[in-house]
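K.L.:
This one is input36.txt, compact mmCIF, C-alpha atoms.
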# COMPACT_ATOMS: atom_id res chain seq x y z
CA MET P 1 0.00 0.00 0.00
CA PRO P 2 1.39 3.43 -0.87
CA LEU P 3 2.17 5.68 2.11
CA PRO P 4 0.20 8.73 0.81
CA GLY P 5 -2.96 6.60 0.58
CA VAL P 6 -2.51 5.31 4.14
CA LEU P 7 -1.92 8.85 5.42
CA LEU P 8 -5.02 10.13 3.62
CA ALA P 9 -7.10 7.28 5.05
CA LEU P 10 -5.87 8.09 8.57
CA ALA P 11 -6.63 11.79 8.02
CA ALA P 12 -10.13 10.91 6.81
CA GLY P 13 -10.73 8.75 9.88
CA ALA P 14 -9.50 11.49 12.22
CA SER P 15 -11.67 14.05 10.43
CA MET P 16 -14.74 11.81 10.73
CA ALA P 17 -14.05 11.23 14.43
CA GLY P 18 -13.77 14.98 14.99
CA TYR P 19 -16.95 15.59 13.00
CA LEU P 20 -18.92 13.07 15.07
CA LEU P 21 -17.65 14.36 18.41
CA LEU P 22 -18.32 18.00 17.48
CA SER P 23 -21.76 17.06 16.12
CA LYS P 24 -22.56 15.24 19.37
CA ARG P 25 -21.52 18.29 21.33
CA THR P 26 -23.68 20.51 19.11
CA GLY P 27 -26.64 18.15 19.45
CA ASP P 28 -26.29 18.07 23.23
CA ARG P 29 -26.27 21.88 23.45
CA THR P 30 -29.05 22.68 21.00
CA THR P 31 -32.49 21.56 19.98
CA GLY P 32 -34.14 21.86 16.63
CA GLY P 33 -32.50 22.48 13.31
CA GLY P 34 -30.85 25.87 13.93
CA PRO P 35 -27.25 24.67 13.62
CA LEU P 36 -28.10 22.65 10.52
CA ALA P 37 -29.80 25.61 8.83
CA LEU P 38 -26.79 27.77 9.64
CA ALA P 39 -24.36 25.16 8.27
CA VAL P 40 -26.26 24.68 4.99
CA THR P 41 -26.64 28.45 4.51
CA TRP P 42 -22.95 28.99 5.22
CA ALA P 43 -22.00 26.24 2.75
CA ALA P 44 -24.18 27.84 0.07
CA LEU P 45 -22.67 31.29 0.70
CA LEU P 46 -19.18 29.84 0.37
CA THR P 47 -19.77 27.75 -2.76
CA VAL P 48 -22.34 29.55 -4.93
CA PRO P 49 -19.99 32.45 -5.81
CA PHE P 50 -17.45 29.95 -7.18
CA GLY P 51 -20.14 28.32 -9.30
CA VAL P 52 -21.37 31.65 -10.61
CA ALA P 53 -17.79 32.71 -11.40
CA ASP P 54 -17.26 29.47 -13.33
CA GLN P 55 -20.66 29.04 -15.02
CA GLY P 56 -22.01 32.59 -15.08
CA THR P 57 -25.49 33.70 -14.08
CA ALA P 58 -27.08 30.62 -15.70
CA LEU P 59 -26.45 28.96 -12.33
CA LEU P 60 -28.96 31.35 -10.77
CA ALA P 61 -31.87 30.18 -12.97
CA PRO P 62 -34.89 29.09 -10.87
CA ARG P 63 -34.75 25.50 -12.20
CA ILE P 64 -31.07 25.17 -11.30
CA LEU P 65 -31.61 26.70 -7.85
CA ALA P 66 -34.54 24.33 -7.22
CA THR P 67 -32.39 21.36 -8.22
CA GLY P 68 -29.66 22.61 -5.89
CA LEU P 69 -32.18 22.85 -3.06
CA VAL P 70 -33.32 19.25 -3.63
CA VAL P 71 -29.70 18.07 -3.68
CA ALA P 72 -28.99 20.00 -0.45
CA VAL P 73 -31.95 18.40 1.31
CA LEU P 74 -31.13 14.88 0.13
CA SER P 75 -27.37 15.04 0.61
CA ALA P 76 -26.97 17.26 3.66
CA VAL P 77 -30.12 18.20 5.54
CA GLY P 78 -31.70 14.74 5.69
CA PRO P 79 -28.59 12.72 6.59
CA TYR P 80 -27.24 15.30 9.03
CA SER P 81 -30.63 15.57 10.79
CA LEU P 82 -30.68 11.79 11.23
CA GLU P 83 -27.09 11.78 12.51
CA LEU P 84 -27.87 14.49 15.06
CA ALA P 85 -30.94 12.57 16.22
CA ALA P 86 -28.85 9.42 16.58
CA LEU P 87 -26.06 11.27 18.40
CA ARG P 88 -28.60 12.65 20.88
CA ARG P 89 -29.80 9.12 21.70
CA LEU P 90 -26.75 6.87 21.24
CA PRO P 91 -23.10 6.99 22.26
CA ALA P 92 -20.78 8.58 19.68
CA ARG P 93 -18.95 5.22 19.44
CA THR P 94 -22.09 3.45 18.24
CA VAL P 95 -22.97 6.20 15.75
CA SER P 96 -19.43 6.14 14.36
CA VAL P 97 -19.69 2.41 13.74
CA LEU P 98 -23.07 2.81 12.06
CA THR P 99 -21.65 5.65 9.94
CA SER P 100 -19.07 3.21 8.61
CA LEU P 101 -21.97 1.41 6.93
CA GLU P 102 -22.57 4.36 4.57
CA PRO P 103 -19.99 3.22 1.96
CA ALA P 104 -21.31 -0.33 2.19
CA SER P 105 -24.83 0.99 1.61
CA ALA P 106 -23.57 2.94 -1.38
CA GLY P 107 -21.99 -0.24 -2.78
CA LEU P 108 -25.25 -2.14 -2.40
CA ALA P 109 -27.18 0.75 -3.96
CA GLY P 110 -24.78 0.63 -6.90
CA VAL P 111 -25.60 -3.05 -7.37
CA LEU P 112 -29.36 -2.70 -6.93
CA VAL P 113 -30.04 0.68 -8.56
CA LEU P 114 -27.25 1.07 -11.11
CA GLY P 115 -26.71 -2.57 -12.01
CA GLU P 116 -23.03 -2.49 -11.09
CA HIS P 117 -21.12 -5.72 -10.53
CA LEU P 118 -18.88 -6.16 -7.51
CA ALA P 119 -15.82 -8.38 -7.42
CA LEU P 120 -15.58 -11.14 -4.83
CA THR P 121 -13.18 -9.07 -2.74
CA GLN P 122 -15.65 -6.17 -2.72
CA TRP P 123 -18.45 -8.47 -1.53
CA ALA P 124 -16.10 -9.78 1.16
CA ALA P 125 -15.33 -6.20 2.23
CA LEU P 126 -19.05 -5.41 2.48
CA GLY P 127 -19.54 -8.53 4.59
CA CYS P 128 -16.64 -7.65 6.89
CA VAL P 129 -17.97 -4.13 7.47
CA GLY P 130 -21.44 -5.51 8.19
CA VAL P 131 -20.18 -8.15 10.63
CA ALA P 132 -17.87 -5.67 12.39
CA SER P 133 -20.69 -3.14 12.72
CA THR P 134 -23.09 -5.75 14.06
CA GLY P 135 -20.53 -6.91 16.61
CA ALA P 136 -19.65 -3.41 17.75
CA VAL P 137 -23.25 -2.27 18.11
CA SER P 138 -24.45 -5.45 19.81
CA SER P 139 -21.68 -5.17 22.42
CA VAL P 140 -23.19 -1.96 23.86
CA PRO P 141 -24.11 -2.60 27.53
CA ARG P 142 -27.78 -3.05 28.32
CA SER P 143 -29.61 -1.50 31.24
CA THR P 144 -30.24 -3.71 34.25
CA GLY P 145 -33.64 -2.75 35.48
CA GLY P 146 -36.31 -0.13 35.73
CA THR P 147 -39.00 0.44 33.19
CA GLY P 148 -36.51 0.47 30.33
CA ARG P 149 -35.52 -3.15 30.86
CA GLY P 150 -33.51 -4.44 27.91
CA ARG P 151 -32.98 -1.02 26.35
CA ARG P 152 -29.47 -0.01 25.42
CA LEU P 153 -28.20 2.95 27.36
CA PRO P 154 -25.15 5.11 26.80
CA LYS P 155 -22.23 4.80 29.19
CA GLY P 156 -22.96 6.71 32.38
CA ALA P 157 -26.71 6.89 31.73
CA GLY P 158 -28.72 7.40 34.83
CA THR P 159 -25.98 9.12 36.80
CA GLU P 160 -27.72 12.51 36.57
CA ALA P 161 -30.98 10.94 37.74
CA ASP P 162 -29.12 9.23 40.59
CA ARG P 163 -27.60 12.55 41.72
CA CYS P 164 -31.04 14.20 41.64
CA ARG P 165 -32.61 11.37 43.64
CA ASP P 166 -29.81 11.47 46.20
CA ALA P 167 -30.24 15.24 46.61
CA LEU P 168 -33.94 14.89 47.55
CA PRO P 169 -34.76 14.91 51.26
CA ALA P 170 -35.87 11.62 52.77
CA GLY P 171 -39.65 11.55 52.94
CA PRO P 172 -42.57 9.21 53.44
CA ASP P 173 -41.61 7.12 50.43
CA THR P 174 -38.44 6.06 52.27
CA ALA P 175 -40.55 4.28 54.88
CA ALA P 176 -42.50 2.43 52.18
CA GLU P 177 -39.25 1.27 50.60
CA SER P 178 -37.90 0.03 53.94
CA ARG P 179 -41.04 -2.12 54.41
CA GLY P 180 -40.30 -3.74 51.07
CA GLY P 181 -43.12 -2.02 49.26
CA PRO P 182 -42.76 0.04 46.14
CA ALA P 183 -42.04 3.68 46.63
CA PRO P 184 -44.74 5.99 45.29
CA ARG P 185 -43.51 8.08 42.40
CA PRO P 186 -44.71 11.60 41.64
What's the structure tokens form of this structure?

P.N.:
Amino acid sequence: MPLPGVLLALAAGASMAGYLLLSKRTGDRTTGGGPLALAVTWAALLTVPFGVADQGTALLAPRILATGLVVAVLSAVGPYSLELAALRRLPARTVSVLTSLEPASAGLAGVLVLGEHLALTQWAALGCVGVASTGAVSSVPRSTGGTGRGRRLPKGAGTEADRCRDALPAGPDTAAESRGGPAPRP
């Protein structure tokens, strides 16, 4: 394998890791689609002038702008919205593994939609990515009780709730728990 290719692959992996961690941080701090709208608008402001400089004002025709809007929704807004939703609910590690399935999905789409043919090694690579993703996602710890029995929880889940519960003064529900009965919940 040539060294420049290996270095570029490592740089791509580091960039994707940074993207996921920063997206998780953004998702944790915000609600709604504000950051996404800002990002797509900023991308348009940065790229449209280059297109107009290269292709002239024909790029600003309503049909071309409408096509660009559809492409933006399908290639950026939709996927990024889903990633933010996933990052709000799952650990970044799990989302990063699931993101690695995107190229495999593209390969399968090429076979099914475009009629492309994959070599045996390419099929093997798709299988390896699928098996690795399944193994990594299925190894996420499960919760051990409560109403969410069997649900997968991110590492450290429940610690905030535990701190809140511990900060509450002892009340009548403590007596019910000591008798072995269920504690009433507000």

K.L.:
Can you pull out every residue within 8 Å of stretch 121-130 of chain P, counting all atoms listed in the file, but drop anything in the same chain fewer than 6 positions away, and send it as a list of chain:residue names?

P.N.:
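With the cut-off at 8 Å, the set is P:Ser100, P:Leu101, P:Ala104, P:Gly107.
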
K.L.:
Quick one, how far is atom CA of P:Leu22 from atom CA of P:Leu7?

P.N.:
22.3 Å

K.L.:
Given the choices P:Leu3, P:Ala76, P:Leu84, P:Val70, which gets closest to P:Thr31 if the distance is worked out from all atoms listed in the file?

P.N.:
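That would be P:Leu84, the residue with the smallest distance to P:Thr31.
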
K.L.:
Suppose you want the space between atom CA of P:Val111 and atom CA of P:Val137; what is it in Å?

P.N.:
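These atoms are spaced 25.6 Å apart.
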
K.L.:
Hey, which of P:Pro103, P:Pro91, P:Pro35, P:Gly115 ends up closest to P:Leu21? Count all atoms listed in the file.

P.N.:
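Nearest to P:Leu21: P:Pro91.
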
K.L.:
My list of candidates is P:Ala92, P:Ala44, P:Leu87, P:Leu36. Which is closest to P:Val71 when distances are computed with only C-alpha atoms?

P.N.:
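For P:Val71, the nearest of the candidates is P:Ala44.
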
K.L.:
Would you save stretch 22-33 of chain P from the block above with all heavy atoms, as a PDB file, in the first residue's frame?

P.N.:
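Produced file selection.pdb, reproduced below:
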ATOM      1  N   LEU P  22     -17.818  16.616  17.490  1.00  0.00           N
ATOM      2  CA  LEU P  22     -18.325  17.995  17.477  1.00  0.00           C
ATOM      3  C   LEU P  22     -19.830  18.029  17.218  1.00  0.00           C
ATOM      4  O   LEU P  22     -20.549  18.846  17.795  1.00  0.00           O
ATOM      5  CB  LEU P  22     -17.577  18.825  16.433  1.00  0.00           C
ATOM      6  CG  LEU P  22     -16.117  19.125  16.769  1.00  0.00           C
ATOM      7  CD1 LEU P  22     -15.417  19.782  15.585  1.00  0.00           C
ATOM      8  CD2 LEU P  22     -16.014  19.994  18.017  1.00  0.00           C
ATOM      9  N   SER P  23     -20.317  17.128  16.376  1.00  0.00           N
ATOM     10  CA  SER P  23     -21.764  17.059  16.123  1.00  0.00           C
ATOM     11  C   SER P  23     -22.505  16.625  17.378  1.00  0.00           C
ATOM     12  O   SER P  23     -23.589  17.132  17.677  1.00  0.00           O
ATOM     13  CB  SER P  23     -22.059  16.094  14.979  1.00  0.00           C
ATOM     14  OG  SER P  23     -21.570  16.598  13.763  1.00  0.00           O
ATOM     15  N   LYS P  24     -21.935  15.676  18.115  1.00  0.00           N
ATOM     16  CA  LYS P  24     -22.562  15.241  19.373  1.00  0.00           C
ATOM     17  C   LYS P  24     -22.630  16.409  20.344  1.00  0.00           C
ATOM     18  O   LYS P  24     -23.657  16.631  20.985  1.00  0.00           O
ATOM     19  CB  LYS P  24     -21.796  14.079  19.992  1.00  0.00           C
ATOM     20  CG  LYS P  24     -22.379  13.669  21.345  1.00  0.00           C
ATOM     21  CD  LYS P  24     -22.284  12.224  21.583  1.00  0.00           C
ATOM     22  CE  LYS P  24     -22.900  11.790  22.889  1.00  0.00           C
ATOM     23  NZ  LYS P  24     -24.344  11.816  22.870  1.00  0.00           N
ATOM     24  N   ARG P  25     -21.558  17.136  20.431  1.00  0.00           N
ATOM     25  CA  ARG P  25     -21.523  18.293  21.333  1.00  0.00           C
ATOM     26  C   ARG P  25     -22.570  19.332  20.919  1.00  0.00           C
ATOM     27  O   ARG P  25     -23.271  19.890  21.753  1.00  0.00           O
ATOM     28  CB  ARG P  25     -20.126  18.903  21.299  1.00  0.00           C
ATOM     29  CG  ARG P  25     -19.851  19.851  22.403  1.00  0.00           C
ATOM     30  CD  ARG P  25     -18.424  20.308  22.286  1.00  0.00           C
ATOM     31  NE  ARG P  25     -17.827  20.276  23.596  1.00  0.00           N
ATOM     32  CZ  ARG P  25     -16.615  20.651  23.842  1.00  0.00           C
ATOM     33  NH1 ARG P  25     -15.841  21.033  22.859  1.00  0.00           N
ATOM     34  NH2 ARG P  25     -16.148  20.640  25.049  1.00  0.00           N
ATOM     35  N   THR P  26     -22.683  19.572  19.618  1.00  0.00           N
ATOM     36  CA  THR P  26     -23.681  20.510  19.111  1.00  0.00           C
ATOM     37  C   THR P  26     -25.082  20.012  19.415  1.00  0.00           C
ATOM     38  O   THR P  26     -25.945  20.767  19.858  1.00  0.00           O
ATOM     39  CB  THR P  26     -23.511  20.704  17.588  1.00  0.00           C
ATOM     40  OG1 THR P  26     -22.206  21.221  17.332  1.00  0.00           O
ATOM     41  CG2 THR P  26     -24.559  21.646  17.030  1.00  0.00           C
ATOM     42  N   GLY P  27     -25.333  18.721  19.180  1.00  0.00           N
ATOM     43  CA  GLY P  27     -26.644  18.146  19.445  1.00  0.00           C
ATOM     44  C   GLY P  27     -27.020  18.189  20.913  1.00  0.00           C
ATOM     45  O   GLY P  27     -28.184  18.366  21.258  1.00  0.00           O
ATOM     46  N   ASP P  28     -26.025  18.028  21.795  1.00  0.00           N
ATOM     47  CA  ASP P  28     -26.292  18.073  23.231  1.00  0.00           C
ATOM     48  C   ASP P  28     -26.622  19.488  23.707  1.00  0.00           C
ATOM     49  O   ASP P  28     -27.341  19.672  24.672  1.00  0.00           O
ATOM     50  CB  ASP P  28     -25.085  17.549  24.025  1.00  0.00           C
ATOM     51  CG  ASP P  28     -24.899  16.052  23.880  1.00  0.00           C
ATOM     52  OD1 ASP P  28     -25.850  15.363  23.450  1.00  0.00           O
ATOM     53  OD2 ASP P  28     -23.786  15.570  24.199  1.00  0.00           O
ATOM     54  N   ARG P  29     -26.090  20.486  23.017  1.00  0.00           N
ATOM     55  CA  ARG P  29     -26.268  21.882  23.446  1.00  0.00           C
ATOM     56  C   ARG P  29     -27.447  22.575  22.785  1.00  0.00           C
ATOM     57  O   ARG P  29     -27.825  23.659  23.200  1.00  0.00           O
ATOM     58  CB  ARG P  29     -24.996  22.676  23.149  1.00  0.00           C
ATOM     59  CG  ARG P  29     -23.842  22.242  23.993  1.00  0.00           C
ATOM     60  CD  ARG P  29     -22.628  23.053  23.703  1.00  0.00           C
ATOM     61  NE  ARG P  29     -21.531  22.618  24.545  1.00  0.00           N
ATOM     62  CZ  ARG P  29     -20.470  23.334  24.784  1.00  0.00           C
ATOM     63  NH1 ARG P  29     -20.346  24.520  24.234  1.00  0.00           N
ATOM     64  NH2 ARG P  29     -19.519  22.872  25.555  1.00  0.00           N
ATOM     65  N   THR P  30     -27.983  22.011  21.724  1.00  0.00           N
ATOM     66  CA  THR P  30     -29.049  22.684  20.998  1.00  0.00           C
ATOM     67  C   THR P  30     -30.214  21.736  20.760  1.00  0.00           C
ATOM     68  O   THR P  30     -30.084  20.528  20.871  1.00  0.00           O
ATOM     69  CB  THR P  30     -28.555  23.191  19.634  1.00  0.00           C
ATOM     70  OG1 THR P  30     -28.150  22.072  18.853  1.00  0.00           O
ATOM     71  CG2 THR P  30     -27.411  24.167  19.778  1.00  0.00           C
ATOM     72  N   THR P  31     -31.332  22.330  20.417  1.00  0.00           N
ATOM     73  CA  THR P  31     -32.486  21.557  19.979  1.00  0.00           C
ATOM     74  C   THR P  31     -32.947  22.143  18.659  1.00  0.00           C
ATOM     75  O   THR P  31     -32.661  23.284  18.334  1.00  0.00           O
ATOM     76  CB  THR P  31     -33.634  21.624  21.003  1.00  0.00           C
ATOM     77  OG1 THR P  31     -33.993  22.995  21.186  1.00  0.00           O
ATOM     78  CG2 THR P  31     -33.238  21.002  22.328  1.00  0.00           C
ATOM     79  N   GLY P  32     -33.641  21.352  17.904  1.00  0.00           N
ATOM     80  CA  GLY P  32     -34.144  21.855  16.630  1.00  0.00           C
ATOM     81  C   GLY P  32     -33.078  21.851  15.551  1.00  0.00           C
ATOM     82  O   GLY P  32     -32.001  21.280  15.695  1.00  0.00           O
ATOM     83  N   GLY P  33     -33.373  22.513  14.466  1.00  0.00           N
ATOM     84  CA  GLY P  33     -32.495  22.485  13.305  1.00  0.00           C
ATOM     85  C   GLY P  33     -31.710  23.753  13.074  1.00  0.00           C
ATOM     86  O   GLY P  33     -31.209  23.978  11.970  1.00  0.00           O
TER      87      GLY P  33
END
